[in-house]
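Report on the following structure.
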Amino acid sequence: MKGNQTDKTERTVVLVKPDGVVRGLVGEIISRFERRGLKLIALKMVWPTREHADKHYPSQDEWFSSVGSRTVDFFKEHGVAVKEHFGTEDPIEIGKQVKGWLADYLTRSPVVAMVLEGFHAIAVVRKLTGSTYPVEAAPGTIRGDYSVDTPAVANAQKRVVKNIVHASGNAQEAAHEIEHWFNPEEIHDYKRAEEEAMF
Ligand code: UDP
Ligand code: MG
């Protein structure tokens with residue numbers, strides 16, 4: 001039987017990243033989404049190739065710039081010299097370095113990929129996930145409950161901030177990521193038992 005779909009129904013992708021998988025947090029993470037009322041409609045474990053990992057993230061300057069600017073702001077706020085770590089202060093160049101480290105990181109162990117469906121699912125999942133840097137993420141969020149990793153340490157080690165999960169940032173990313181990780185026949189349509197009670 002099909003679910004209770006409306007124009008506010010969205011689909012979004014979550015990856016349990018390598019640190020989440022090797023720390024045994026997969027079940028914990030999925031249960032946080034399930035208990036909120038989000039419907040799991042696709043799920044698999046994948047060991048990504050470098051090419052697959054690389055194509056998960058956008059390659060536009062806009063994305064490099066948004067990632068790099070956040071890094072620069074964080075370093076400035078904490079009085080850490082950006083140039084010493086990255087050899088540049090250009091957000092786009094910094095974003096490109098981070099993207100290279102992301103591909104290293106996502107290929108280190110299997111990841112668990114899923115599609116979640118629900119009302120305003122993209123924003124709700126981002127809220128449950130928490131801020132990008134665990135050290136800044138609110139308690140009660142996944143990143144805020146399981147890590148204190150920070151760019152100040154990660155970047156000195158030439159690696160990404162280990163933040164346990166990825167969650168699509170907007171509708172455009174969600175559409176790309178669903179197609180990138182799943183074939184249409186791997187995505188399922190069904191009704192959850194409590195849908196009638198909740199909505
Ligand atoms: N990242 C990082 N350092 C940074 C910015 C980002 O290591 O200064 C990594 C981090 O793992 C993050 C990923 O790059 O999850 C993608 O960045 P984005 O801005 O899309 O953050 P997210 O959407 O994951 O919160
Ligand atoms: Mg993102």
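For the structure tokens, the naming scheme is as follows: chains receive sequential letters (A, B, ...) according to their order of presentation, residues are indexed from 1 within each chain, and ligands are indexed from 1 in presentation order.
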
Which residues form the shell of 7 Å around ligand 2 when you count only C-alpha atoms and all ligand atoms, given as a ChimeraX atom specification?
/A:167-169

Closest atom pairs, residues of chain A within 6 Å of ligand 1, only C-alpha atoms and all ligand atoms, as a tab-separated table:
```
residue	atom	partner	partner_atom_place_in_ligand_line	distance
A:Val67	CA	ligand 1	19 (O)	4.5
A:Arg70	CA	ligand 1	8 (O)	5.9
A:Thr71	CA	ligand 1	8 (O)	3.9
A:Val98	CA	ligand 1	2 (C)	5.8
A:Ser131	CA	ligand 1	25 (O)	5.9
A:Thr132	CA	ligand 1	25 (O)	3.7
A:Pro151	CA	ligand 1	3 (N)	5.7
A:Val160	CA	ligand 1	7 (O)	3.2
A:Val161	CA	ligand 1	7 (O)	3.7
A:Lys162	CA	ligand 1	11 (O)	5.6
A:Asn163	CA	ligand 1	11 (O)	5.8
A:His166	CA	ligand 1	24 (O)	5.1
A:Gly169	CA	ligand 1	23 (O)	5.4
```

Within 9 Å of range 54-60 of chain A: each range 103-173 of chain A residue with its shortest pair, only C-alpha atoms, as CSV:
```
residue,atom,partner,partner_atom,distance
A:Ala103,CA,A:Asp54,CA,5.3
A:Leu106,CA,A:Asp54,CA,8.7
A:Glu173,CA,A:Pro58,CA,8.2
```

Kindly save the residues from that selection, with C-alpha atoms included, as a PDB file, in the first residue's frame.
```pdb
ATOM      1  CA  ALA A 103      37.273  11.347  -1.555  1.00  0.00           C
ATOM      2  CA  LEU A 106      34.722   8.145   1.834  1.00  0.00           C
ATOM      3  CA  GLU A 173      21.593  17.846  -3.998  1.00  0.00           C
TER       4      GLU A 173
END
```

Run DSSP on the backbone and tell me which residues of range 27-164 of chain A come out as helix (DSSP H, G or I); list them as JSON, numbers by chain.
{"A": [27, 28, 29, 30, 31, 32, 33, 34, 35, 36, 50, 51, 52, 53, 54, 55, 56, 61, 62, 63, 64, 65, 66, 67, 68, 69, 70, 71, 72, 73, 74, 75, 76, 77, 82, 83, 84, 85, 86, 91, 92, 93, 94, 95, 96, 97, 98, 99, 100, 101, 102, 103, 104, 105, 106, 121, 122, 123, 124, 125, 126, 127, 128, 129, 134, 135, 136, 142, 143, 144, 145, 146, 151, 152, 153, 154, 155, 156, 157]}

In terms of the shortest atom-to-atom distance over only C-alpha atoms, which of A:Ser31, A:Thr129, A:Thr49, A:Thr12 is closest to Asp104 in chain A?
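Closest to Asp104 in chain A, using only C-alpha atoms: A:Thr49.
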
Considering only C-alpha atoms, tabulate each residue of range 13-83 of chain A that lies at most 12 Å from range 136-140 of chain A along with its nearest interatomic pair and the corresponding distance in Å to one decimal; arrange the rows by chain and ascending residue number and present them as CSV.
```
residue,atom,partner,partner_atom,distance
A:Ile29,CA,A:Gly140,CA,11.9
A:Arg32,CA,A:Gly140,CA,10.2
A:Phe74,CA,A:Glu136,CA,10.2
```

Between CA of Pro110 in chain A and CA of Val16 in chain A, measure the distance and give it in Å to one decimal.
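Separation between CA of Pro110 in chain A and CA of Val16 in chain A: 9.0 Å.
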
Report as an NGL selection string: the residues of chain A with a DSSP assignment of strand (DSSP E or B), based on the backbone of this structure.
:A and (9-16 or 39-46 or 111-119 or 165-167)

Please write the residues from the selection above to a file, keeping N, CA, C and O atoms, as a JSON list (two decimals), in the first residue's frame.
```
[["chain", "number", "residue", "atom", "x", "y", "z"],
["A", 9, "THR", "N", 5.91, 16.32, 0.62],
["A", 9, "THR", "CA", 6.70, 15.10, 0.81],
["A", 9, "THR", "C", 8.01, 15.25, 0.05],
["A", 9, "THR", "O", 8.01, 15.55, -1.14],
["A", 10, "GLU", "N", 9.11, 15.05, 0.75],
["A", 10, "GLU", "CA", 10.43, 15.14, 0.11],
["A", 10, "GLU", "C", 11.21, 13.86, 0.35],
["A", 10, "GLU", "O", 10.96, 13.15, 1.33],
["A", 11, "ARG", "N", 12.18, 13.65, -0.53],
["A", 11, "ARG", "CA", 13.12, 12.54, -0.35],
["A", 11, "ARG", "C", 14.51, 13.11, -0.17],
["A", 11, "ARG", "O", 14.88, 14.08, -0.86],
["A", 12, "THR", "N", 15.28, 12.51, 0.70],
["A", 12, "THR", "CA", 16.63, 13.02, 0.96],
["A", 12, "THR", "C", 17.58, 11.85, 1.21],
["A", 12, "THR", "O", 17.14, 10.77, 1.61],
["A", 13, "VAL", "N", 18.85, 12.08, 0.97],
["A", 13, "VAL", "CA", 19.85, 11.01, 1.13],
["A", 13, "VAL", "C", 20.64, 11.23, 2.41],
["A", 13, "VAL", "O", 21.07, 12.34, 2.71],
["A", 14, "VAL", "N", 20.83, 10.15, 3.15],
["A", 14, "VAL", "CA", 21.76, 10.15, 4.28],
["A", 14, "VAL", "C", 22.81, 9.08, 4.00],
["A", 14, "VAL", "O", 22.49, 7.98, 3.54],
["A", 15, "LEU", "N", 24.06, 9.42, 4.25],
["A", 15, "LEU", "CA", 25.13, 8.42, 4.25],
["A", 15, "LEU", "C", 25.66, 8.33, 5.67],
["A", 15, "LEU", "O", 25.96, 9.37, 6.28],
["A", 16, "VAL", "N", 25.77, 7.11, 6.19],
["A", 16, "VAL", "CA", 26.58, 6.96, 7.39],
["A", 16, "VAL", "C", 28.00, 6.85, 6.88],
["A", 16, "VAL", "O", 28.34, 5.93, 6.11],
["A", 39, "LYS", "N", 10.39, 7.99, 6.77],
["A", 39, "LYS", "CA", 10.25, 6.62, 6.24],
["A", 39, "LYS", "C", 11.51, 6.24, 5.48],
["A", 39, "LYS", "O", 11.94, 6.96, 4.57],
["A", 40, "LEU", "N", 12.07, 5.09, 5.86],
["A", 40, "LEU", "CA", 13.24, 4.56, 5.16],
["A", 40, "LEU", "C", 12.75, 3.88, 3.89],
["A", 40, "LEU", "O", 12.01, 2.90, 3.96],
["A", 41, "ILE", "N", 13.13, 4.41, 2.72],
["A", 41, "ILE", "CA", 12.60, 3.82, 1.47],
["A", 41, "ILE", "C", 13.70, 3.18, 0.62],
["A", 41, "ILE", "O", 13.40, 2.59, -0.41],
["A", 42, "ALA", "N", 14.96, 3.31, 1.04],
["A", 42, "ALA", "CA", 16.06, 2.62, 0.35],
["A", 42, "ALA", "C", 17.23, 2.54, 1.31],
["A", 42, "ALA", "O", 17.44, 3.45, 2.11],
["A", 43, "LEU", "N", 17.98, 1.43, 1.24],
["A", 43, "LEU", "CA", 19.08, 1.22, 2.20],
["A", 43, "LEU", "C", 20.09, 0.24, 1.65],
["A", 43, "LEU", "O", 19.72, -0.83, 1.17],
["A", 44, "LYS", "N", 21.37, 0.60, 1.69],
["A", 44, "LYS", "CA", 22.41, -0.38, 1.31],
["A", 44, "LYS", "C", 23.78, 0.01, 1.85],
["A", 44, "LYS", "O", 24.03, 1.18, 2.15],
["A", 45, "MET", "N", 24.68, -1.00, 1.92],
["A", 45, "MET", "CA", 26.07, -0.75, 2.28],
["A", 45, "MET", "C", 26.90, -0.80, 1.00],
["A", 45, "MET", "O", 26.77, -1.73, 0.20],
["A", 46, "VAL", "N", 27.74, 0.23, 0.84],
["A", 46, "VAL", "CA", 28.55, 0.34, -0.38],
["A", 46, "VAL", "C", 29.97, 0.72, 0.01],
["A", 46, "VAL", "O", 30.16, 1.57, 0.88],
["A", 111, "VAL", "N", 30.32, 2.59, 3.39],
["A", 111, "VAL", "CA", 29.37, 3.56, 3.92],
["A", 111, "VAL", "C", 27.98, 2.93, 3.84],
["A", 111, "VAL", "O", 27.78, 1.97, 3.08],
["A", 112, "VAL", "N", 27.06, 3.44, 4.62],
["A", 112, "VAL", "CA", 25.67, 2.97, 4.51],
["A", 112, "VAL", "C", 24.85, 4.12, 3.93],
["A", 112, "VAL", "O", 24.83, 5.22, 4.49],
["A", 113, "ALA", "N", 24.24, 3.85, 2.78],
["A", 113, "ALA", "CA", 23.48, 4.87, 2.07],
["A", 113, "ALA", "C", 21.99, 4.60, 2.24],
["A", 113, "ALA", "O", 21.56, 3.44, 2.21],
["A", 114, "MET", "N", 21.22, 5.66, 2.44],
["A", 114, "MET", "CA", 19.77, 5.47, 2.56],
["A", 114, "MET", "C", 19.02, 6.65, 1.96],
["A", 114, "MET", "O", 19.58, 7.75, 1.84],
["A", 115, "VAL", "N", 17.77, 6.37, 1.58],
["A", 115, "VAL", "CA", 16.87, 7.46, 1.20],
["A", 115, "VAL", "C", 15.76, 7.51, 2.24],
["A", 115, "VAL", "O", 15.19, 6.47, 2.60],
["A", 116, "LEU", "N", 15.51, 8.70, 2.75],
["A", 116, "LEU", "CA", 14.44, 8.90, 3.72],
["A", 116, "LEU", "C", 13.37, 9.78, 3.09],
["A", 116, "LEU", "O", 13.68, 10.72, 2.36],
["A", 117, "GLU", "N", 12.13, 9.46, 3.39],
["A", 117, "GLU", "CA", 11.01, 10.22, 2.83],
["A", 117, "GLU", "C", 10.13, 10.75, 3.96],
["A", 117, "GLU", "O", 9.93, 10.06, 4.97],
["A", 118, "GLY", "N", 9.63, 11.96, 3.78],
["A", 118, "GLY", "CA", 8.71, 12.51, 4.78],
["A", 118, "GLY", "C", 8.42, 13.96, 4.48],
["A", 118, "GLY", "O", 8.99, 14.55, 3.56],
["A", 119, "PHE", "N", 7.55, 14.56, 5.26],
["A", 119, "PHE", "CA", 7.21, 15.97, 5.09],
["A", 119, "PHE", "C", 8.44, 16.81, 5.42],
["A", 119, "PHE", "O", 9.05, 16.63, 6.49],
["A", 165, "VAL", "N", 27.85, 11.55, 9.59],
["A", 165, "VAL", "CA", 26.83, 11.39, 8.55],
["A", 165, "VAL", "C", 26.91, 12.49, 7.50],
["A", 165, "VAL", "O", 27.38, 13.59, 7.78],
["A", 166, "HIS", "N", 26.42, 12.14, 6.32],
["A", 166, "HIS", "CA", 26.14, 13.14, 5.29],
["A", 166, "HIS", "C", 24.64, 13.24, 5.16],
["A", 166, "HIS", "O", 23.95, 12.23, 5.26],
["A", 167, "ALA", "N", 24.13, 14.44, 4.92],
["A", 167, "ALA", "CA", 22.70, 14.62, 4.62],
["A", 167, "ALA", "C", 22.58, 15.63, 3.49],
["A", 167, "ALA", "O", 23.26, 16.67, 3.52]]
```

Extract, using only C-alpha atoms, all DNA, RNA and protein residues at most 10 Å from Ser109 in chain A, discarding same-chain residues fewer than 6 positions from it, and format them as a list in words.
Lys17, Pro18, Asp19, Val21, Val22, Val46, Trp47 and Pro48 of chain A

Generate a file of the selected residues that holds N, CA and C atoms, formatted as a compact mmCIF listing (two decimals), in the first residue's frame.
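After the write, result13.txt holds the following:
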```txt
# COMPACT_ATOMS: atom_id res chain seq x y z
N LYS A 17 28.81 7.84 7.21
CA LYS A 17 30.16 7.93 6.67
C LYS A 17 31.07 6.89 7.34
N PRO A 18 32.30 6.69 6.82
CA PRO A 18 33.16 5.65 7.37
C PRO A 18 33.34 5.70 8.90
N ASP A 19 33.47 6.88 9.48
CA ASP A 19 33.65 6.91 10.94
C ASP A 19 32.40 6.41 11.67
N VAL A 21 30.28 4.14 10.46
CA VAL A 21 30.20 2.69 10.26
C VAL A 21 31.18 1.97 11.18
N VAL A 22 32.46 2.42 11.19
CA VAL A 22 33.44 1.66 11.98
C VAL A 22 33.23 1.86 13.48
N VAL A 46 27.74 0.23 0.84
CA VAL A 46 28.55 0.34 -0.38
C VAL A 46 29.97 0.72 0.01
N TRP A 47 30.97 0.09 -0.64
CA TRP A 47 32.34 0.56 -0.48
C TRP A 47 32.64 1.38 -1.73
N PRO A 48 32.58 2.71 -1.64
CA PRO A 48 32.65 3.52 -2.87
C PRO A 48 34.02 3.47 -3.52
```
